[in-house]
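Data first, discussion second: the structure below is written as structure tokens.
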Amino acid sequence: TATLLDIVQDISIKASEDVGYGIYNLHDKGLAWLMSGIKFKILKRVDTKNPILAKTGVHKIGGVTSNRGCILMQNGEVVAKSIANWFLMDIVEGKLARIPKEMLDAYPMHDFNDEFFLYKKPKFPEFSGEGESVKVCNRDIDTNCHLNNVKTLEIMSDGIPADFEFNTVEILYKRESYLGDTLTREVVKGDNGYFVALLGEDKDINAAAYIYNE
């Protein structure tokens, strides 16, 4: 699942580069796209030894956020799909930035004609603040010097039983985690899977996921 999420993240970055708003172009403007949440569903078992075709498009954009859908295909069949919510950050001021008109005009809209692609912020139970300690290492950091989104999922997935089979993951990225941070990984059993949170030193949520069968 982490590998597929990595593909989704890479294709999303590439799509922004194609319209002139890649990582480095935005950095020169003091801006960055950051993912705030994603729902990812696996429909068929993926053969990672064979090519995967990835299609992506912006489903909704405005204000400070953009919803981007992605479909992964193999042998002519859809094997996975995702809908992610991204927000534009002013990395100089450290605050949300309104998406300028020229950027709005640059991103073509895509109608996926599937209710799955109507992004909804995931909901989580109350977490007690008790759990296993994990430390953010060099290998976990992304280009924004934060804990990488894919590494976040890997760390959370390590907290659930290895033999648990699931097809859906919903992730909320609430606050950045940085190199050297010690986080608390708390796991709560749900009806169809597991809620997992990475908590900061203040025991508030940095990131959380619901890993389940839908």
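Ligands are numbered from 1 in the order shown, chains are lettered A, B, ... in the order of the structure tokens, and residues start at 1 in each chain.
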
Taking only chain A into account, list the residues labelled alpha helix (DSSP H) by DSSP (computed from the backbone), as a short mmCIF file (atom, residue, chain, number, x, y, z; two decimals) with C-alpha atoms, in the first residue's frame.
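Final output, result_36.cif:
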```cif
data_model
loop_
_atom_site.label_atom_id
_atom_site.label_comp_id
_atom_site.auth_asym_id
_atom_site.auth_seq_id
_atom_site.Cartn_x
_atom_site.Cartn_y
_atom_site.Cartn_z
CA ALA A 2 2.82 2.40 0.82
CA THR A 3 4.30 1.73 -2.63
CA LEU A 4 1.00 2.61 -4.31
CA LEU A 5 0.69 5.75 -2.20
CA ASP A 6 4.19 6.68 -3.34
CA ILE A 7 3.03 6.34 -6.96
CA VAL A 8 0.00 8.56 -6.27
CA GLN A 9 2.17 11.19 -4.64
CA ASP A 10 4.73 11.13 -7.48
CA ILE A 11 2.11 11.37 -10.24
CA SER A 12 0.43 14.27 -8.42
CA ILE A 13 3.73 16.14 -8.24
CA LYS A 14 4.42 15.39 -11.92
CA ALA A 15 0.96 16.70 -12.90
CA SER A 16 1.69 19.99 -11.13
CA GLU A 17 5.06 20.20 -12.88
CA ASP A 18 3.30 19.74 -16.24
CA ILE A 23 8.02 21.73 -6.37
CA TYR A 24 10.88 23.99 -7.40
CA ASN A 25 8.73 26.50 -9.29
CA LEU A 26 6.53 26.90 -6.22
CA HIS A 27 9.52 27.08 -3.89
CA ASP A 28 10.83 30.06 -5.86
CA LYS A 101 -6.18 32.99 -10.32
CA GLU A 102 -3.38 32.08 -12.73
CA MET A 103 -2.87 28.84 -10.82
CA LEU A 104 -6.59 28.08 -10.78
CA ASP A 105 -6.68 28.57 -14.55
CA ALA A 106 -3.63 26.34 -15.09
CA ASN A 149 3.69 11.12 3.78
CA VAL A 150 4.56 7.59 2.66
CA LYS A 151 6.89 7.02 5.62
CA THR A 152 4.08 8.21 7.89
CA LEU A 153 1.84 5.43 6.54
CA GLU A 154 4.63 2.87 6.91
CA ILE A 155 5.20 3.84 10.55
CA MET A 156 1.47 3.66 11.30
CA SER A 157 1.06 0.35 9.44
#
```

Quiz item: In range 2-84 of chain A, what's strand (DSSP E or B) per DSSP? Answer as a PyMOL selection string?
Solution: chain A and resi 31-42+53-62+65-74+77-84

Write the residues you've just listed into a file as a compact mmCIF listing (two decimals), in the first residue's frame, and include N, CA, C and O atoms for each of them.
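Output below, filename result_8.txt:
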```txt
# COMPACT_ATOMS: atom_id res chain seq x y z
N LEU A 31 6.07 29.11 -1.99
CA LEU A 31 4.85 28.32 -1.81
C LEU A 31 5.15 26.82 -1.87
O LEU A 31 6.19 26.40 -2.38
N ALA A 32 4.22 26.02 -1.36
CA ALA A 32 4.34 24.56 -1.45
C ALA A 32 2.96 23.95 -1.31
O ALA A 32 2.12 24.42 -0.53
N TRP A 33 2.70 22.89 -2.10
CA TRP A 33 1.50 22.07 -1.92
C TRP A 33 1.79 21.05 -0.82
O TRP A 33 2.78 20.34 -0.88
N LEU A 34 0.91 20.97 0.17
CA LEU A 34 1.04 19.97 1.23
C LEU A 34 -0.25 19.16 1.29
O LEU A 34 -1.34 19.71 1.20
N MET A 35 -0.11 17.84 1.46
CA MET A 35 -1.28 16.98 1.55
C MET A 35 -1.85 17.01 2.96
O MET A 35 -1.13 16.82 3.93
N SER A 36 -3.16 17.25 3.06
CA SER A 36 -3.79 17.26 4.38
C SER A 36 -4.54 15.97 4.67
O SER A 36 -4.79 15.62 5.83
N GLY A 37 -4.89 15.23 3.61
CA GLY A 37 -5.60 13.98 3.83
C GLY A 37 -5.78 13.21 2.54
O GLY A 37 -5.71 13.79 1.44
N ILE A 38 -5.98 11.91 2.65
CA ILE A 38 -6.17 11.07 1.47
C ILE A 38 -6.98 9.83 1.84
O ILE A 38 -6.87 9.31 2.96
N LYS A 39 -7.82 9.39 0.90
CA LYS A 39 -8.48 8.09 1.00
C LYS A 39 -8.00 7.25 -0.16
O LYS A 39 -7.99 7.71 -1.31
N PHE A 40 -7.58 6.05 0.15
CA PHE A 40 -6.95 5.17 -0.83
C PHE A 40 -7.64 3.82 -0.77
O PHE A 40 -7.78 3.24 0.31
N LYS A 41 -8.11 3.32 -1.90
CA LYS A 41 -8.80 2.02 -1.92
C LYS A 41 -8.16 1.10 -2.96
O LYS A 41 -7.95 1.49 -4.11
N ILE A 42 -7.87 -0.12 -2.53
CA ILE A 42 -7.30 -1.14 -3.40
C ILE A 42 -8.44 -2.04 -3.88
O ILE A 42 -9.17 -2.62 -3.07
N LEU A 53 -0.31 1.86 -14.87
CA LEU A 53 -0.68 3.11 -15.53
C LEU A 53 -1.40 3.99 -14.51
O LEU A 53 -2.37 3.55 -13.88
N ALA A 54 -0.93 5.21 -14.34
CA ALA A 54 -1.53 6.13 -13.38
C ALA A 54 -2.17 7.30 -14.11
O ALA A 54 -1.56 7.91 -14.99
N LYS A 55 -3.42 7.58 -13.76
CA LYS A 55 -4.14 8.73 -14.31
C LYS A 55 -4.57 9.63 -13.15
O LYS A 55 -5.03 9.14 -12.12
N THR A 56 -4.44 10.94 -13.33
CA THR A 56 -4.79 11.84 -12.24
C THR A 56 -5.43 13.11 -12.79
O THR A 56 -5.23 13.47 -13.95
N GLY A 57 -6.19 13.77 -11.95
CA GLY A 57 -6.82 15.03 -12.34
C GLY A 57 -7.36 15.75 -11.13
O GLY A 57 -7.64 15.14 -10.09
N VAL A 58 -7.48 17.07 -11.26
CA VAL A 58 -8.05 17.89 -10.18
C VAL A 58 -9.57 17.80 -10.25
O VAL A 58 -10.17 18.06 -11.30
N HIS A 59 -10.18 17.40 -9.14
CA HIS A 59 -11.63 17.26 -9.09
C HIS A 59 -12.30 18.55 -8.59
O HIS A 59 -13.42 18.87 -8.98
N LYS A 60 -11.58 19.28 -7.73
CA LYS A 60 -12.12 20.52 -7.17
C LYS A 60 -10.95 21.37 -6.72
O LYS A 60 -9.98 20.87 -6.16
N ILE A 61 -11.03 22.68 -6.97
CA ILE A 61 -9.96 23.58 -6.54
C ILE A 61 -10.54 24.95 -6.25
O ILE A 61 -11.43 25.43 -6.95
N GLY A 62 -10.04 25.59 -5.22
CA GLY A 62 -10.52 26.92 -4.87
C GLY A 62 -10.12 27.29 -3.46
O GLY A 62 -9.85 26.41 -2.63
N THR A 65 -7.40 25.20 -1.10
CA THR A 65 -7.29 23.75 -1.22
C THR A 65 -7.59 23.24 -2.63
O THR A 65 -8.24 23.91 -3.43
N SER A 66 -7.13 22.03 -2.87
CA SER A 66 -7.39 21.33 -4.12
C SER A 66 -7.61 19.86 -3.82
O SER A 66 -6.89 19.27 -3.02
N ASN A 67 -8.62 19.27 -4.45
CA ASN A 67 -8.87 17.85 -4.34
C ASN A 67 -8.42 17.17 -5.63
O ASN A 67 -8.90 17.51 -6.72
N ARG A 68 -7.48 16.23 -5.51
CA ARG A 68 -6.94 15.55 -6.68
C ARG A 68 -7.22 14.05 -6.61
O ARG A 68 -6.91 13.39 -5.63
N GLY A 69 -7.84 13.54 -7.67
CA GLY A 69 -8.11 12.12 -7.76
C GLY A 69 -7.04 11.40 -8.56
O GLY A 69 -6.36 12.01 -9.39
N CYS A 70 -6.91 10.12 -8.31
CA CYS A 70 -5.93 9.33 -9.04
C CYS A 70 -6.48 7.92 -9.23
O CYS A 70 -7.09 7.35 -8.30
N ILE A 71 -6.28 7.37 -10.42
CA ILE A 71 -6.69 6.01 -10.74
C ILE A 71 -5.46 5.24 -11.19
O ILE A 71 -4.71 5.70 -12.06
N LEU A 72 -5.24 4.06 -10.62
CA LEU A 72 -4.13 3.20 -11.02
C LEU A 72 -4.70 2.00 -11.76
O LEU A 72 -5.64 1.35 -11.28
N MET A 73 -4.11 1.70 -12.92
CA MET A 73 -4.62 0.62 -13.78
C MET A 73 -3.50 -0.36 -14.11
O MET A 73 -2.33 0.01 -14.20
N GLN A 74 -3.91 -1.61 -14.29
CA GLN A 74 -2.97 -2.64 -14.69
C GLN A 74 -3.72 -3.65 -15.55
O GLN A 74 -4.82 -4.09 -15.19
N GLU A 77 -7.38 -2.87 -16.25
CA GLU A 77 -8.34 -2.83 -15.15
C GLU A 77 -7.90 -1.86 -14.07
O GLU A 77 -6.70 -1.69 -13.82
N VAL A 78 -8.88 -1.21 -13.43
CA VAL A 78 -8.57 -0.32 -12.31
C VAL A 78 -8.22 -1.17 -11.10
O VAL A 78 -9.01 -2.02 -10.68
N VAL A 79 -7.03 -0.96 -10.55
CA VAL A 79 -6.59 -1.76 -9.40
C VAL A 79 -6.62 -0.96 -8.10
O VAL A 79 -6.67 -1.53 -7.01
N ALA A 80 -6.61 0.38 -8.20
CA ALA A 80 -6.66 1.21 -7.00
C ALA A 80 -7.08 2.62 -7.39
O ALA A 80 -6.92 3.04 -8.55
N LYS A 81 -7.62 3.34 -6.43
CA LYS A 81 -8.00 4.72 -6.67
C LYS A 81 -7.84 5.51 -5.37
O LYS A 81 -7.87 4.96 -4.27
N SER A 82 -7.65 6.82 -5.54
CA SER A 82 -7.47 7.67 -4.36
C SER A 82 -8.04 9.05 -4.62
O SER A 82 -8.17 9.49 -5.76
N ILE A 83 -8.40 9.72 -3.53
CA ILE A 83 -8.78 11.12 -3.57
C ILE A 83 -8.05 11.81 -2.42
O ILE A 83 -8.10 11.35 -1.28
N ALA A 84 -7.31 12.86 -2.76
CA ALA A 84 -6.49 13.54 -1.76
C ALA A 84 -6.84 15.01 -1.69
O ALA A 84 -7.21 15.63 -2.70
```

Self-check item: Point-to-point distance in Å for CA of Pro122 in chain A and CA of Leu88 in chain A
Solution: 19.8 Å

Self-check item: Selection near Phe166 in chain A, 9 Å with only C-alpha atoms, sequence-local residues under 3 positions removed, as a ChimeraX atom specification
Solution: /A:42,169,192-193,211-214

What does the file look like for those residues with N, CA, C and O atoms, as a PDB file, in the first residue's frame?
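Final output, saved to part-v1.pdb:
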```
ATOM      1  N   ILE A  42      -7.865  -0.117  -2.525  1.00  0.00           N
ATOM      2  CA  ILE A  42      -7.304  -1.136  -3.403  1.00  0.00           C
ATOM      3  C   ILE A  42      -8.443  -2.035  -3.879  1.00  0.00           C
ATOM      4  O   ILE A  42      -9.167  -2.624  -3.066  1.00  0.00           O
ATOM      5  N   VAL A 169      -7.550   2.746   3.105  1.00  0.00           N
ATOM      6  CA  VAL A 169      -6.803   3.535   4.081  1.00  0.00           C
ATOM      7  C   VAL A 169      -7.252   4.983   3.977  1.00  0.00           C
ATOM      8  O   VAL A 169      -7.320   5.544   2.875  1.00  0.00           O
ATOM      9  N   ASN A 192     -14.055  -2.448  11.619  1.00  0.00           N
ATOM     10  CA  ASN A 192     -13.572  -3.112  10.409  1.00  0.00           C
ATOM     11  C   ASN A 192     -12.064  -3.035  10.228  1.00  0.00           C
ATOM     12  O   ASN A 192     -11.546  -3.424   9.180  1.00  0.00           O
ATOM     13  N   GLY A 193     -11.376  -2.511  11.246  1.00  0.00           N
ATOM     14  CA  GLY A 193      -9.938  -2.360  11.099  1.00  0.00           C
ATOM     15  C   GLY A 193      -9.317  -1.685  12.313  1.00  0.00           C
ATOM     16  O   GLY A 193      -9.773  -1.883  13.440  1.00  0.00           O
ATOM     17  N   ILE A 211      -7.227   2.146   8.926  1.00  0.00           N
ATOM     18  CA  ILE A 211      -6.804   1.084   8.008  1.00  0.00           C
ATOM     19  C   ILE A 211      -7.834  -0.032   8.151  1.00  0.00           C
ATOM     20  O   ILE A 211      -7.925  -0.660   9.220  1.00  0.00           O
ATOM     21  N   TYR A 212      -8.614  -0.297   7.086  1.00  0.00           N
ATOM     22  CA  TYR A 212      -9.772  -1.178   7.273  1.00  0.00           C
ATOM     23  C   TYR A 212     -10.203  -1.858   5.980  1.00  0.00           C
ATOM     24  O   TYR A 212      -9.705  -1.575   4.897  1.00  0.00           O
ATOM     25  N   ASN A 213     -11.186  -2.746   6.120  1.00  0.00           N
ATOM     26  CA  ASN A 213     -11.863  -3.382   4.989  1.00  0.00           C
ATOM     27  C   ASN A 213     -13.194  -2.698   4.780  1.00  0.00           C
ATOM     28  O   ASN A 213     -13.992  -2.578   5.711  1.00  0.00           O
ATOM     29  N   GLU A 214     -13.445  -2.258   3.557  1.00  0.00           N
ATOM     30  CA  GLU A 214     -14.698  -1.560   3.250  1.00  0.00           C
ATOM     31  C   GLU A 214     -15.614  -2.464   2.417  1.00  0.00           C
ATOM     32  O   GLU A 214     -15.157  -3.115   1.493  1.00  0.00           O
TER      33      GLU A 214
END
```

Exercise. For Val134 in chain A, work out the shell of residues within 7 Å, counting only C-alpha atoms and skipping chain neighbours fewer than 3 positions away, then give it as a PyMOL selection string.
Key: chain A and resi 182-185

Quiz item: Distance CA of Leu118 in chain A-CA of Gly63 in chain A, one decimal place?
Solution: 16.8 Å

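Between CA of Val46 in chain A and CA of Ala162 in chain A there is a distance of 18.3 Å.
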
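Shortest separation to Lys174 in chain A among A:Lys121, A:His110, A:Lys29, A:Lys44 occurs at residue A:Lys121, atoms counted being only C-alpha atoms.
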
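Between Lys120 in chain A and the candidates A:Ala207, A:Val188, A:Leu198, A:Leu172, the tightest atom-to-atom separation, counting only C-alpha atoms, involves A:Leu172.
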
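Non-sequential neighbours of Leu179 in chain A (distance at most 8 Å, separation of 5 or more positions within a chain, only C-alpha atoms) are A:Val136, A:Cys137, A:Asn138, A:Asp140, A:Ile141, A:Cys145, A:His146, A:Leu147.
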
Prev. selection, N, CA and C atoms, output as a compact mmCIF listing (two decimals), in the first residue's frame:
```
# COMPACT_ATOMS: atom_id res chain seq x y z
N VAL A 136 11.58 9.95 14.50
CA VAL A 136 11.71 10.34 13.11
C VAL A 136 13.19 10.39 12.74
N CYS A 137 13.57 9.59 11.72
CA CYS A 137 14.97 9.48 11.32
C CYS A 137 15.21 10.17 9.98
N ASN A 138 16.48 10.25 9.58
CA ASN A 138 16.86 10.90 8.32
C ASN A 138 16.13 10.30 7.12
N ASP A 140 13.30 9.22 6.84
CA ASP A 140 11.86 9.47 6.86
C ASP A 140 11.48 10.87 6.35
N ILE A 141 12.48 11.70 6.02
CA ILE A 141 12.24 13.12 5.74
C ILE A 141 12.02 13.36 4.24
N CYS A 145 11.47 18.88 4.42
CA CYS A 145 12.11 18.62 5.73
C CYS A 145 11.10 18.18 6.78
N HIS A 146 10.00 17.60 6.34
CA HIS A 146 9.00 17.03 7.24
C HIS A 146 9.00 15.52 7.11
N LEU A 147 8.34 14.84 8.04
CA LEU A 147 8.13 13.41 7.92
C LEU A 147 7.36 13.13 6.64
```

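Nearest to Ile91 in chain A of all the residues A:Phe127, A:Gly30, A:Asn206, A:Leu43 is A:Gly30, based on only C-alpha atoms.
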
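Shortest atom-to-atom contact with Phe87 in chain A among A:Tyr173, A:Pro161, A:Phe124, A:Tyr194: A:Tyr173, counting only C-alpha atoms.
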